[in-house]
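K.L.:
Contents of model_5.txt (compact mmCIF, C-alpha atoms):
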```
# COMPACT_ATOMS: atom_id res chain seq x y z
CA MET A 1 -9.37 -17.44 -14.60
CA HIS A 2 -7.76 -19.52 -11.86
CA ILE A 3 -4.02 -20.20 -11.91
CA SER A 4 -1.58 -21.59 -9.36
CA ILE A 5 0.27 -19.25 -7.04
CA GLN A 6 3.57 -20.49 -8.41
CA GLU A 7 2.54 -19.73 -11.99
CA LEU A 8 1.49 -16.21 -11.01
CA LYS A 9 4.78 -15.68 -9.20
CA SER A 10 6.70 -16.98 -12.20
CA LEU A 11 4.88 -14.70 -14.65
CA SER A 12 5.24 -11.71 -12.35
CA THR A 13 8.95 -12.34 -11.80
CA LYS A 14 9.52 -12.54 -15.56
CA ALA A 15 7.64 -9.27 -16.02
CA ILE A 16 9.68 -7.55 -13.30
CA LEU A 17 12.94 -8.78 -14.81
CA LYS A 18 11.76 -7.55 -18.24
CA TYR A 19 11.46 -4.10 -16.70
CA GLY A 20 15.20 -4.16 -16.01
CA TYR A 21 15.46 -5.11 -12.34
CA SER A 22 18.04 -7.46 -10.90
CA GLU A 23 17.02 -10.82 -9.46
CA GLU A 24 17.59 -9.48 -5.93
CA GLU A 25 15.39 -6.46 -6.62
CA ALA A 26 12.77 -8.70 -8.23
CA VAL A 27 12.44 -10.73 -5.02
CA ILE A 28 11.68 -7.58 -3.00
CA ILE A 29 9.22 -6.21 -5.56
CA LEU A 30 7.43 -9.54 -6.03
CA ASP A 31 6.94 -10.05 -2.28
CA MET A 32 5.41 -6.58 -1.99
CA LEU A 33 3.03 -7.20 -4.91
CA MET A 34 2.04 -10.72 -3.81
CA TYR A 35 1.21 -9.47 -0.31
CA ALA A 36 -1.48 -7.30 -1.87
CA GLN A 37 -2.60 -9.84 -4.48
CA LEU A 38 -3.16 -12.59 -1.92
CA ARG A 39 -5.37 -10.28 0.14
CA GLY A 40 -7.61 -8.95 -2.62
CA ASN A 41 -5.85 -5.58 -2.53
CA ALA A 42 -5.61 -3.61 -5.80
CA GLN A 43 -1.91 -2.82 -5.18
CA GLY A 44 -0.89 -6.19 -6.62
CA ILE A 45 0.15 -7.42 -10.06
CA VAL A 46 -2.03 -4.85 -11.82
CA LYS A 47 0.98 -2.57 -11.26
CA LEU A 48 2.89 -4.63 -13.82
CA ILE A 49 0.60 -3.82 -16.74
CA GLY A 50 -0.18 -0.61 -18.61
CA ALA A 51 2.70 1.79 -18.01
CA GLY A 52 4.09 -0.87 -15.69
CA MET A 53 7.09 -0.29 -13.44
CA PRO A 54 10.15 -0.01 -15.70
CA LYS A 55 13.41 0.55 -13.85
CA ASN A 56 14.56 4.14 -14.11
CA GLU A 57 17.63 4.28 -16.35
CA ASN A 58 19.24 6.70 -13.88
CA ALA A 59 18.51 4.59 -10.80
CA GLN A 60 21.28 4.12 -8.24
CA ALA A 61 21.38 2.38 -4.89
CA PRO A 62 19.56 4.21 -2.07
CA THR A 63 21.80 6.28 0.21
CA ILE A 64 21.37 7.68 3.73
CA GLU A 65 21.33 11.49 3.67
CA ASN A 66 20.75 12.25 7.34
CA GLU A 67 20.72 10.03 10.41
CA THR A 68 20.32 10.27 14.19
CA PRO A 69 19.80 7.47 16.71
CA CYS A 70 16.00 7.74 16.21
CA THR A 71 15.66 9.05 12.65
CA ALA A 72 16.96 8.76 9.12
CA ILE A 73 16.30 10.14 5.66
CA ILE A 74 17.00 7.87 2.69
CA ASN A 75 17.47 9.21 -0.82
CA ALA A 76 16.11 6.48 -3.06
CA ASN A 77 18.16 7.91 -5.95
CA LEU A 78 15.45 7.04 -8.49
CA SER A 79 15.54 3.38 -7.51
CA MET A 80 12.23 1.53 -7.28
CA GLU A 81 10.56 2.85 -4.13
CA ALA A 82 10.14 -0.67 -2.75
CA ILE A 83 13.92 -1.06 -2.67
CA ALA A 84 14.32 2.07 -0.54
CA MET A 85 11.38 1.06 1.67
CA GLU A 86 12.94 -2.33 2.37
CA LYS A 87 16.00 -0.47 3.67
CA ALA A 88 13.85 2.01 5.61
CA VAL A 89 11.86 -0.71 7.40
CA SER A 90 15.01 -2.58 8.37
CA MET A 91 16.49 0.62 9.80
CA VAL A 92 13.38 1.72 11.67
CA ILE A 93 13.00 -1.69 13.35
CA THR A 94 16.61 -1.68 14.52
CA LYS A 95 16.39 1.89 15.82
CA ALA A 96 13.05 1.42 17.62
CA LYS A 97 14.22 -1.74 19.37
CA GLU A 98 17.18 0.21 20.72
CA MET A 99 15.66 3.68 21.26
CA GLY A 100 11.97 2.91 21.85
CA ILE A 101 10.65 4.89 18.90
CA ALA A 102 12.00 5.69 15.44
CA ILE A 103 11.03 7.32 12.17
CA VAL A 104 12.66 6.83 8.77
CA GLY A 105 11.66 8.57 5.55
CA THR A 106 12.44 8.06 1.87
CA HIS A 107 12.27 10.42 -1.09
CA THR A 108 13.22 10.73 -4.75
CA GLY A 109 12.08 7.22 -5.50
CA ASP A 110 10.53 5.83 -8.64
CA GLY A 111 7.78 3.30 -9.19
CA SER A 112 5.66 2.29 -6.23
CA SER A 113 5.68 1.51 -2.51
CA GLY A 114 2.71 -0.83 -3.01
CA ALA A 115 0.16 -1.60 -0.32
CA VAL A 116 1.51 0.39 2.62
CA GLY A 117 0.07 -2.15 5.04
CA TYR A 118 2.81 -4.48 3.81
CA TRP A 119 5.49 -2.28 5.38
CA SER A 120 3.58 -1.64 8.60
CA ARG A 121 2.98 -5.36 8.97
CA LYS A 122 6.69 -6.08 8.59
CA ILE A 123 7.24 -3.79 11.58
CA ALA A 124 4.47 -5.49 13.57
CA ASP A 125 5.93 -8.90 12.75
CA ALA A 126 9.06 -7.66 14.52
CA GLY A 127 7.01 -7.00 17.67
CA LEU A 128 6.62 -3.25 17.18
CA ILE A 129 3.75 -0.92 16.32
CA GLY A 130 4.17 0.17 12.70
CA ILE A 131 2.82 3.23 10.91
CA THR A 132 3.41 3.95 7.23
CA MET A 133 2.39 6.95 5.12
CA SER A 134 2.95 7.46 1.42
CA SER A 135 2.56 10.49 -0.84
CA TYR A 136 2.94 11.06 -4.56
CA PRO A 137 3.29 14.34 -6.45
CA PHE A 138 0.32 14.10 -8.79
CA GLY A 139 -3.17 15.22 -7.89
CA MET A 140 -6.17 12.92 -7.58
CA VAL A 141 -8.00 14.06 -4.43
CA PRO A 142 -9.38 17.59 -4.12
CA PRO A 143 -9.59 19.64 -0.93
CA HIS A 144 -13.04 19.82 0.64
CA GLY A 145 -15.38 21.97 -1.41
CA SER A 146 -13.37 21.68 -4.64
CA TYR A 147 -13.06 19.33 -7.60
CA GLU A 148 -9.48 20.35 -8.40
CA PRO A 149 -7.17 17.41 -7.57
CA LEU A 150 -4.29 18.49 -5.34
CA PHE A 151 -3.33 15.37 -3.39
CA CYS A 152 -2.71 11.79 -4.45
CA THR A 153 -4.63 8.94 -2.83
CA ASN A 154 -2.13 9.25 0.07
CA PRO A 155 -2.56 6.00 2.02
CA ILE A 156 -1.76 5.36 5.66
CA ALA A 157 -1.45 2.05 7.48
CA TRP A 158 -1.19 1.07 11.14
CA ALA A 159 -0.11 -2.40 12.25
CA VAL A 160 -0.15 -3.75 15.78
CA PRO A 161 1.40 -6.99 17.06
CA THR A 162 -0.96 -9.41 18.81
CA GLU A 163 -0.88 -12.97 20.11
CA ASN A 164 -1.75 -14.12 16.60
CA GLU A 165 -1.89 -12.23 13.29
CA PRO A 166 -1.14 -8.48 13.54
CA ILE A 167 -4.02 -6.04 13.35
CA VAL A 168 -3.48 -4.06 10.13
CA LEU A 169 -5.55 -1.03 9.16
CA ASP A 170 -4.50 -0.04 5.63
CA MET A 171 -6.54 2.73 4.07
CA SER A 172 -6.38 5.25 1.31
CA SER A 173 -7.43 8.82 2.04
CA SER A 174 -9.47 8.60 -1.17
CA GLY A 175 -12.74 6.75 -1.75
CA ILE A 176 -11.07 4.52 -4.33
CA SER A 177 -7.42 3.84 -5.04
CA TYR A 178 -5.59 4.68 -8.25
CA PHE A 179 -5.06 1.03 -9.11
CA ASP A 180 -8.70 0.15 -8.36
CA LEU A 181 -9.49 2.62 -11.15
CA VAL A 182 -6.83 1.10 -13.41
CA GLU A 183 -8.24 -2.37 -12.75
CA ALA A 184 -11.83 -1.22 -13.46
CA LYS A 185 -10.68 0.44 -16.68
CA THR A 186 -8.85 -2.76 -17.69
CA GLN A 187 -11.99 -4.82 -17.03
CA GLY A 188 -14.16 -2.31 -18.89
CA VAL A 189 -16.53 -1.78 -15.95
CA GLN A 190 -17.98 1.25 -14.22
CA VAL A 191 -17.31 2.09 -10.56
CA ALA A 192 -19.85 2.96 -7.90
CA GLU A 193 -21.58 6.32 -7.88
CA GLY A 194 -20.27 9.18 -5.80
CA LEU A 195 -16.57 8.36 -6.11
CA GLY A 196 -15.49 11.39 -8.08
CA TYR A 197 -15.67 13.84 -10.95
CA ASP A 198 -14.53 14.25 -14.52
CA LYS A 199 -12.12 17.09 -15.32
CA GLU A 200 -15.04 19.54 -15.58
CA GLY A 201 -16.34 18.74 -12.09
CA ASN A 202 -19.27 16.53 -13.17
CA GLU A 203 -19.93 13.35 -11.22
CA THR A 204 -19.04 10.22 -13.18
CA THR A 205 -18.71 6.45 -12.76
CA ASP A 206 -16.34 6.05 -15.72
CA PRO A 207 -12.90 5.05 -14.37
CA ALA A 208 -11.15 6.63 -17.37
CA GLU A 209 -12.85 9.98 -16.68
CA LEU A 210 -12.05 9.71 -12.98
CA LEU A 211 -8.38 9.14 -13.79
CA GLU A 212 -8.42 12.41 -15.74
CA GLY A 213 -10.52 14.20 -13.14
CA ALA A 214 -10.66 13.75 -9.37
CA VAL A 215 -11.74 11.17 -6.80
CA THR A 216 -13.51 12.05 -3.57
CA PRO A 217 -11.97 11.53 -0.13
CA PHE A 218 -13.04 8.28 1.57
CA ASP A 219 -15.76 10.07 3.58
CA LYS A 220 -16.65 12.51 0.78
CA GLY A 221 -16.03 15.26 3.32
CA PHE A 222 -13.53 17.45 5.14
CA LYS A 223 -12.09 14.68 7.34
CA GLY A 224 -10.88 12.59 4.43
CA ALA A 225 -9.53 15.65 2.64
CA GLY A 226 -7.78 16.69 5.84
CA LEU A 227 -6.21 13.24 6.17
CA ALA A 228 -4.92 13.47 2.58
CA LEU A 229 -3.28 16.81 3.48
CA MET A 230 -1.68 15.45 6.66
CA VAL A 231 -0.27 12.40 4.88
CA GLN A 232 1.13 14.74 2.21
CA ILE A 233 2.82 16.78 4.94
CA ILE A 234 4.22 13.94 7.08
CA GLY A 235 4.73 11.40 4.31
CA GLY A 236 5.92 14.01 1.82
CA ALA A 237 7.11 17.42 2.98
CA LEU A 238 8.74 16.09 6.16
CA VAL A 239 10.85 13.52 4.30
CA GLY A 240 11.62 15.38 1.06
CA GLY A 241 8.80 14.14 -1.17
CA ASP A 242 7.58 16.44 -3.94
CA PHE A 243 4.16 18.06 -4.26
CA LEU A 244 2.25 18.72 -7.47
CA ASN A 245 4.98 18.63 -10.06
CA GLU A 246 6.19 16.31 -12.79
CA SER A 247 9.12 14.73 -10.96
CA ASN A 248 7.25 11.56 -9.88
CA HIS A 249 9.40 11.62 -6.72
CA ASP A 250 7.16 10.19 -4.04
CA GLY A 251 7.73 10.40 -0.31
CA ASN A 252 7.27 7.67 2.29
CA VAL A 253 7.65 7.51 6.04
CA VAL A 254 7.73 4.53 8.40
CA ILE A 255 7.37 4.90 12.17
CA ALA A 256 8.02 2.17 14.71
CA ILE A 257 7.07 2.22 18.40
CA ASN A 258 8.38 -0.34 20.87
CA PRO A 259 5.70 -1.27 23.46
CA ASP A 260 8.49 -2.26 25.85
CA ALA A 261 9.48 1.41 25.99
CA MET A 262 5.95 2.30 27.09
CA ILE A 263 3.60 0.04 29.10
CA GLY A 264 5.60 -3.13 28.37
CA MET A 265 4.98 -5.80 25.73
CA HIS A 266 3.15 -8.26 28.01
CA LYS A 267 0.67 -5.67 29.29
CA PHE A 268 0.23 -4.21 25.82
CA ILE A 269 -0.59 -7.57 24.23
CA GLU A 270 -2.94 -8.31 27.12
CA GLU A 271 -4.90 -5.10 26.53
CA VAL A 272 -4.98 -5.54 22.73
CA THR A 273 -6.25 -9.10 23.23
CA LYS A 274 -9.11 -7.79 25.41
CA MET A 275 -10.10 -5.40 22.63
CA THR A 276 -9.98 -7.99 19.85
CA LYS A 277 -11.99 -10.48 21.90
CA ALA A 278 -14.61 -7.81 22.63
CA ILE A 279 -14.82 -6.98 18.92
CA LYS A 280 -15.19 -10.65 17.93
CA GLN A 281 -17.90 -11.16 20.56
CA ALA A 282 -19.79 -7.94 19.75
CA LYS A 283 -23.50 -8.25 19.00
CA LYS A 284 -24.05 -8.55 15.25
CA LEU A 285 -26.41 -6.49 13.16
CA GLU A 286 -28.94 -8.44 11.12
CA GLY A 287 -27.31 -10.04 8.10
CA VAL A 288 -23.77 -9.78 9.50
CA GLU A 289 -22.00 -13.14 9.69
CA ASP A 290 -18.90 -12.04 11.56
CA VAL A 291 -17.50 -8.90 13.14
CA MET A 292 -13.87 -8.61 12.06
CA VAL A 293 -10.85 -6.63 13.18
CA PRO A 294 -8.86 -4.66 10.59
CA GLY A 295 -6.78 -6.93 8.37
CA GLU A 296 -8.75 -10.06 9.19
CA ARG A 297 -10.65 -10.11 5.90
CA GLY A 298 -7.41 -9.99 3.93
CA ASP A 299 -5.83 -12.69 6.08
CA ARG A 300 -8.82 -14.95 5.44
CA ILE A 301 -8.59 -14.40 1.68
CA ARG A 302 -4.87 -15.20 1.79
CA SER A 303 -5.41 -18.37 3.86
CA LYS A 304 -8.05 -19.67 1.45
CA ILE A 305 -5.85 -19.01 -1.58
CA LEU A 306 -2.86 -20.68 0.04
CA GLU A 307 -4.98 -23.67 1.08
CA ASN A 308 -6.26 -24.19 -2.48
CA ASP A 309 -3.01 -23.11 -4.17
CA GLN A 310 -5.20 -21.33 -6.73
CA ILE A 311 -5.84 -17.65 -7.26
CA GLU A 312 -8.41 -15.99 -9.50
CA ILE A 313 -7.07 -13.37 -11.90
CA GLU A 314 -9.26 -11.33 -14.23
CA ASP A 315 -8.84 -12.61 -17.81
CA ASN A 316 -7.72 -9.31 -19.37
CA LEU A 317 -5.25 -8.71 -16.56
CA LEU A 318 -3.74 -12.18 -16.88
CA GLU A 319 -3.52 -11.95 -20.65
CA THR A 320 -1.74 -8.60 -20.42
CA LEU A 321 0.62 -9.91 -17.73
CA ARG A 322 1.55 -12.87 -19.94
CA SER A 323 2.25 -10.47 -22.78
CA VAL A 324 4.55 -8.36 -20.58
CA ALA A 325 6.33 -11.44 -19.22
CA GLU A 326 6.91 -12.78 -22.73
CA GLY A 327 8.10 -9.39 -23.99
CA ASN A 328 5.30 -8.94 -26.53
```
Now, as a test, write the supplied structure out as structure tokens.
P.N.:
Amino acid sequence: MHISIQELKSLSTKAILKYGYSEEEAVIILDMLMYAQLRGNAQGIVKLIGAGMPKNENAQAPTIENETPCTAIINANLSMEAIAMEKAVSMVITKAKEMGIAIVGTHTGDGSSGAVGYWSRKIADAGLIGITMSSYPFGMVPPHGSYEPLFCTNPIAWAVPTENEPIVLDMSSSGISYFDLVEAKTQGVQVAEGLGYDKEGNETTDPAELLEGAVTPFDKGFKGAGLALMVQIIGGALVGGDFLNESNHDGNVVIAINPDAMIGMHKFIEEVTKMTKAIKQAKKLEGVEDVMVPGERGDRIRSKILENDQIEIEDNLLETLRSVAEGN
């Protein structure tokens, strides 16, 4: 079903407020979710249905636990992770502009940090290189050679400023994200073959069985499993995130690099422009309409939606969102 962007924002805001958040918090959460929704990313409004994102009854404002000129650790204090991440991104931008490079981590959050490309892009929009990693303490991805889930989908995103839109590579270490599975289950459809196992280690295409079992790394091999481990270490252990327990305390890290502290912004943009032009002019394989840089597909989807002021939402998802927004 197609609805206007404003109607979707209105429904989503009502749902967020129903979950107990303040209007100020709702603005931050909505912007994070709409970033994903407008780009065809599964980290959008689907997060508002099912278990949803109710505000933790023990949530308090995020606090800074440790800080140096280049680093900081933020205790989210059970607040929605997006709230702590908003603070982390603001801090890392300020520090990197002054010091050249900075890293800020968050832990003990609740809820979700959304599409991690959203946070990296915020850093790139400030003229810096942004890197974001996110971990969560429940298992979905097994180590190579196993079907026992030890790591979550553990995404990582890089964002680079350019003359135009930033280049944004946002990827999960798993072959399919948690909320892609939730969306498939909501729609009542199967997923592609080879994406994971049921809890007994048998291959399956049933999203419900995959949610109870394990999903394969993005490459179905040791590199993807290794990336999941490294994100768990840097985006979890390094910043105080938990591993394989029932706390639900995720960990996130944002890193910002100032090109002016290295080769210089002008030279950096010049070199990145050479690369993007070469990619766009690269010889196409048969059947390929356009060779795109990372993030370009999502930007095109967003531009088309904004131009038409209409967005397509799966019927079951929209019906459930309306129910949440109306408190049914």
K.L.:
Do a neighbour search on region 158-163 of chain A at 12 Å with only C-alpha atoms, toss out local chain neighbours closer than 4 positions, and write the hits as a PyMOL selection string.
P.N.:
chain A and resi 115-133+167-172+254-259+265-277+293-296
K.L.:
A:Leu321, A:Val141, A:Ala214, A:Ile305: which is nearest Gly226 (chain A), counting all atoms listed in the file?
P.N.:
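The closest residue to Gly226 (chain A) is A:Val141.
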K.L.:
From the options A:Met91, A:Ala237, A:Leu8, A:Val253, which residue's atoms come nearest to Ser113 (chain A), counting all atoms listed in the file?
P.N.:
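Among the listed residues, A:Val253 lies closest to Ser113 (chain A).
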K.L.:
Between A:Gly298, A:Ala42, A:Gly100, A:Ser10, which residue has the minimum interatomic distance to Ser177 (chain A), considering only C-alpha atoms?
P.N.:
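Using only C-alpha atoms, the shortest distance to Ser177 (chain A) belongs to A:Ala42.
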K.L.:
Just the residues within 10 Å of Phe138 (chain A), please, counting all atoms listed in the file, with nothing from its chain fewer than 6 positions along; format it as a PyMOL selection string.
P.N.:
chain A and resi 149-153+242-250
K.L.:
Go through A:Leu317, A:Val46, A:Ala51, A:Cys70 and flag the residue nearest Lys97 (chain A), using all atoms listed in the file for the distances.
P.N.:
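So, comparing all the options, the nearest one is A:Cys70.
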K.L.:
At what distance in Å, to one decimal, does CA of Val191 (chain A) lie from CA of Asp206 (chain A)?
P.N.:
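A separation of 6.6 Å between them.
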K.L.:
Please rebuild region 109-133 of chain A with N, CA, C and O atoms and return the result as a PDB file, in the frame of the given file.
P.N.:
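See part_36.pdb below for the written result:
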```pdb
ATOM      1  N   GLY A 109      12.194   8.583  -4.989  1.00  0.00           N
ATOM      2  CA  GLY A 109      12.080   7.220  -5.500  1.00  0.00           C
ATOM      3  C   GLY A 109      11.331   7.187  -6.809  1.00  0.00           C
ATOM      4  O   GLY A 109      10.826   8.199  -7.298  1.00  0.00           O
ATOM      5  N   ASP A 110      11.240   6.024  -7.377  1.00  0.00           N
ATOM      6  CA  ASP A 110      10.530   5.830  -8.640  1.00  0.00           C
ATOM      7  C   ASP A 110       9.670   4.589  -8.483  1.00  0.00           C
ATOM      8  O   ASP A 110       9.955   3.711  -7.672  1.00  0.00           O
ATOM      9  N   GLY A 111       8.604   4.503  -9.235  1.00  0.00           N
ATOM     10  CA  GLY A 111       7.780   3.300  -9.190  1.00  0.00           C
ATOM     11  C   GLY A 111       6.734   3.364  -8.101  1.00  0.00           C
ATOM     12  O   GLY A 111       5.932   4.285  -8.060  1.00  0.00           O
ATOM     13  N   SER A 112       6.752   2.409  -7.178  1.00  0.00           N
ATOM     14  CA  SER A 112       5.660   2.290  -6.230  1.00  0.00           C
ATOM     15  C   SER A 112       6.128   1.701  -4.904  1.00  0.00           C
ATOM     16  O   SER A 112       7.062   0.899  -4.857  1.00  0.00           O
ATOM     17  N   SER A 113       5.446   2.114  -3.821  1.00  0.00           N
ATOM     18  CA  SER A 113       5.680   1.510  -2.510  1.00  0.00           C
ATOM     19  C   SER A 113       4.596   0.491  -2.187  1.00  0.00           C
ATOM     20  O   SER A 113       4.547  -0.055  -1.086  1.00  0.00           O
ATOM     21  N   GLY A 114       3.694   0.243  -3.148  1.00  0.00           N
ATOM     22  CA  GLY A 114       2.710  -0.830  -3.010  1.00  0.00           C
ATOM     23  C   GLY A 114       1.660  -0.585  -1.954  1.00  0.00           C
ATOM     24  O   GLY A 114       1.347   0.554  -1.603  1.00  0.00           O
ATOM     25  N   ALA A 115       1.112  -1.679  -1.424  1.00  0.00           N
ATOM     26  CA  ALA A 115       0.160  -1.600  -0.320  1.00  0.00           C
ATOM     27  C   ALA A 115       0.931  -1.248   0.939  1.00  0.00           C
ATOM     28  O   ALA A 115       1.757  -2.026   1.409  1.00  0.00           O
ATOM     29  N   VAL A 116       0.679  -0.068   1.505  1.00  0.00           N
ATOM     30  CA  VAL A 116       1.510   0.390   2.620  1.00  0.00           C
ATOM     31  C   VAL A 116       1.338  -0.478   3.857  1.00  0.00           C
ATOM     32  O   VAL A 116       2.200  -0.497   4.741  1.00  0.00           O
ATOM     33  N   GLY A 117       0.239  -1.220   3.933  1.00  0.00           N
ATOM     34  CA  GLY A 117       0.070  -2.150   5.040  1.00  0.00           C
ATOM     35  C   GLY A 117       1.150  -3.215   5.069  1.00  0.00           C
ATOM     36  O   GLY A 117       1.462  -3.777   6.124  1.00  0.00           O
ATOM     37  N   TYR A 118       1.726  -3.501   3.906  1.00  0.00           N
ATOM     38  CA  TYR A 118       2.810  -4.480   3.810  1.00  0.00           C
ATOM     39  C   TYR A 118       3.990  -4.064   4.676  1.00  0.00           C
ATOM     40  O   TYR A 118       4.563  -4.871   5.414  1.00  0.00           O
ATOM     41  N   TRP A 119       4.347  -2.774   4.627  1.00  0.00           N
ATOM     42  CA  TRP A 119       5.490  -2.280   5.380  1.00  0.00           C
ATOM     43  C   TRP A 119       5.175  -2.172   6.861  1.00  0.00           C
ATOM     44  O   TRP A 119       6.018  -2.517   7.707  1.00  0.00           O
ATOM     45  N   SER A 120       3.975  -1.713   7.186  1.00  0.00           N
ATOM     46  CA  SER A 120       3.580  -1.640   8.600  1.00  0.00           C
ATOM     47  C   SER A 120       3.534  -3.030   9.222  1.00  0.00           C
ATOM     48  O   SER A 120       3.931  -3.224  10.382  1.00  0.00           O
ATOM     49  N   ARG A 121       3.052  -3.999   8.442  1.00  0.00           N
ATOM     50  CA  ARG A 121       2.980  -5.360   8.970  1.00  0.00           C
ATOM     51  C   ARG A 121       4.376  -5.938   9.209  1.00  0.00           C
ATOM     52  O   ARG A 121       4.582  -6.683  10.176  1.00  0.00           O
ATOM     53  N   LYS A 122       5.325  -5.625   8.363  1.00  0.00           N
ATOM     54  CA  LYS A 122       6.690  -6.080   8.590  1.00  0.00           C
ATOM     55  C   LYS A 122       7.197  -5.585   9.954  1.00  0.00           C
ATOM     56  O   LYS A 122       7.891  -6.304  10.683  1.00  0.00           O
ATOM     57  N   ILE A 123       6.840  -4.356  10.290  1.00  0.00           N
ATOM     58  CA  ILE A 123       7.240  -3.790  11.580  1.00  0.00           C
ATOM     59  C   ILE A 123       6.529  -4.512  12.717  1.00  0.00           C
ATOM     60  O   ILE A 123       7.134  -4.852  13.742  1.00  0.00           O
ATOM     61  N   ALA A 124       5.234  -4.772  12.543  1.00  0.00           N
ATOM     62  CA  ALA A 124       4.470  -5.490  13.570  1.00  0.00           C
ATOM     63  C   ALA A 124       4.971  -6.915  13.747  1.00  0.00           C
ATOM     64  O   ALA A 124       4.985  -7.447  14.862  1.00  0.00           O
ATOM     65  N   ASP A 125       5.382  -7.546  12.657  1.00  0.00           N
ATOM     66  CA  ASP A 125       5.930  -8.900  12.750  1.00  0.00           C
ATOM     67  C   ASP A 125       7.209  -8.932  13.576  1.00  0.00           C
ATOM     68  O   ASP A 125       7.605  -9.992  14.086  1.00  0.00           O
ATOM     69  N   ALA A 126       7.848  -7.765  13.703  1.00  0.00           N
ATOM     70  CA  ALA A 126       9.060  -7.660  14.520  1.00  0.00           C
ATOM     71  C   ALA A 126       8.734  -7.292  15.963  1.00  0.00           C
ATOM     72  O   ALA A 126       9.638  -7.017  16.762  1.00  0.00           O
ATOM     73  N   GLY A 127       7.431  -7.284  16.313  1.00  0.00           N
ATOM     74  CA  GLY A 127       7.010  -7.000  17.670  1.00  0.00           C
ATOM     75  C   GLY A 127       6.866  -5.530  18.005  1.00  0.00           C
ATOM     76  O   GLY A 127       6.827  -5.141  19.172  1.00  0.00           O
ATOM     77  N   LEU A 128       6.750  -4.687  16.987  1.00  0.00           N
ATOM     78  CA  LEU A 128       6.620  -3.250  17.180  1.00  0.00           C
ATOM     79  C   LEU A 128       5.320  -2.746  16.553  1.00  0.00           C
ATOM     80  O   LEU A 128       4.736  -3.397  15.684  1.00  0.00           O
ATOM     81  N   ILE A 129       4.874  -1.583  16.973  1.00  0.00           N
ATOM     82  CA  ILE A 129       3.750  -0.920  16.320  1.00  0.00           C
ATOM     83  C   ILE A 129       4.304  -0.202  15.094  1.00  0.00           C
ATOM     84  O   ILE A 129       5.293   0.533  15.181  1.00  0.00           O
ATOM     85  N   GLY A 130       3.685  -0.429  13.932  1.00  0.00           N
ATOM     86  CA  GLY A 130       4.170   0.170  12.700  1.00  0.00           C
ATOM     87  C   GLY A 130       3.174   1.124  12.084  1.00  0.00           C
ATOM     88  O   GLY A 130       1.973   0.836  12.056  1.00  0.00           O
ATOM     89  N   ILE A 131       3.653   2.248  11.617  1.00  0.00           N
ATOM     90  CA  ILE A 131       2.820   3.230  10.910  1.00  0.00           C
ATOM     91  C   ILE A 131       3.542   3.617   9.630  1.00  0.00           C
ATOM     92  O   ILE A 131       4.738   3.920   9.656  1.00  0.00           O
ATOM     93  N   THR A 132       2.833   3.586   8.521  1.00  0.00           N
ATOM     94  CA  THR A 132       3.410   3.950   7.230  1.00  0.00           C
ATOM     95  C   THR A 132       2.516   4.971   6.538  1.00  0.00           C
ATOM     96  O   THR A 132       1.294   4.843   6.565  1.00  0.00           O
ATOM     97  N   MET A 133       3.122   5.974   5.931  1.00  0.00           N
ATOM     98  CA  MET A 133       2.390   6.950   5.120  1.00  0.00           C
ATOM     99  C   MET A 133       3.119   7.143   3.803  1.00  0.00           C
ATOM    100  O   MET A 133       4.351   7.097   3.769  1.00  0.00           O
TER     101      MET A 133
END
```
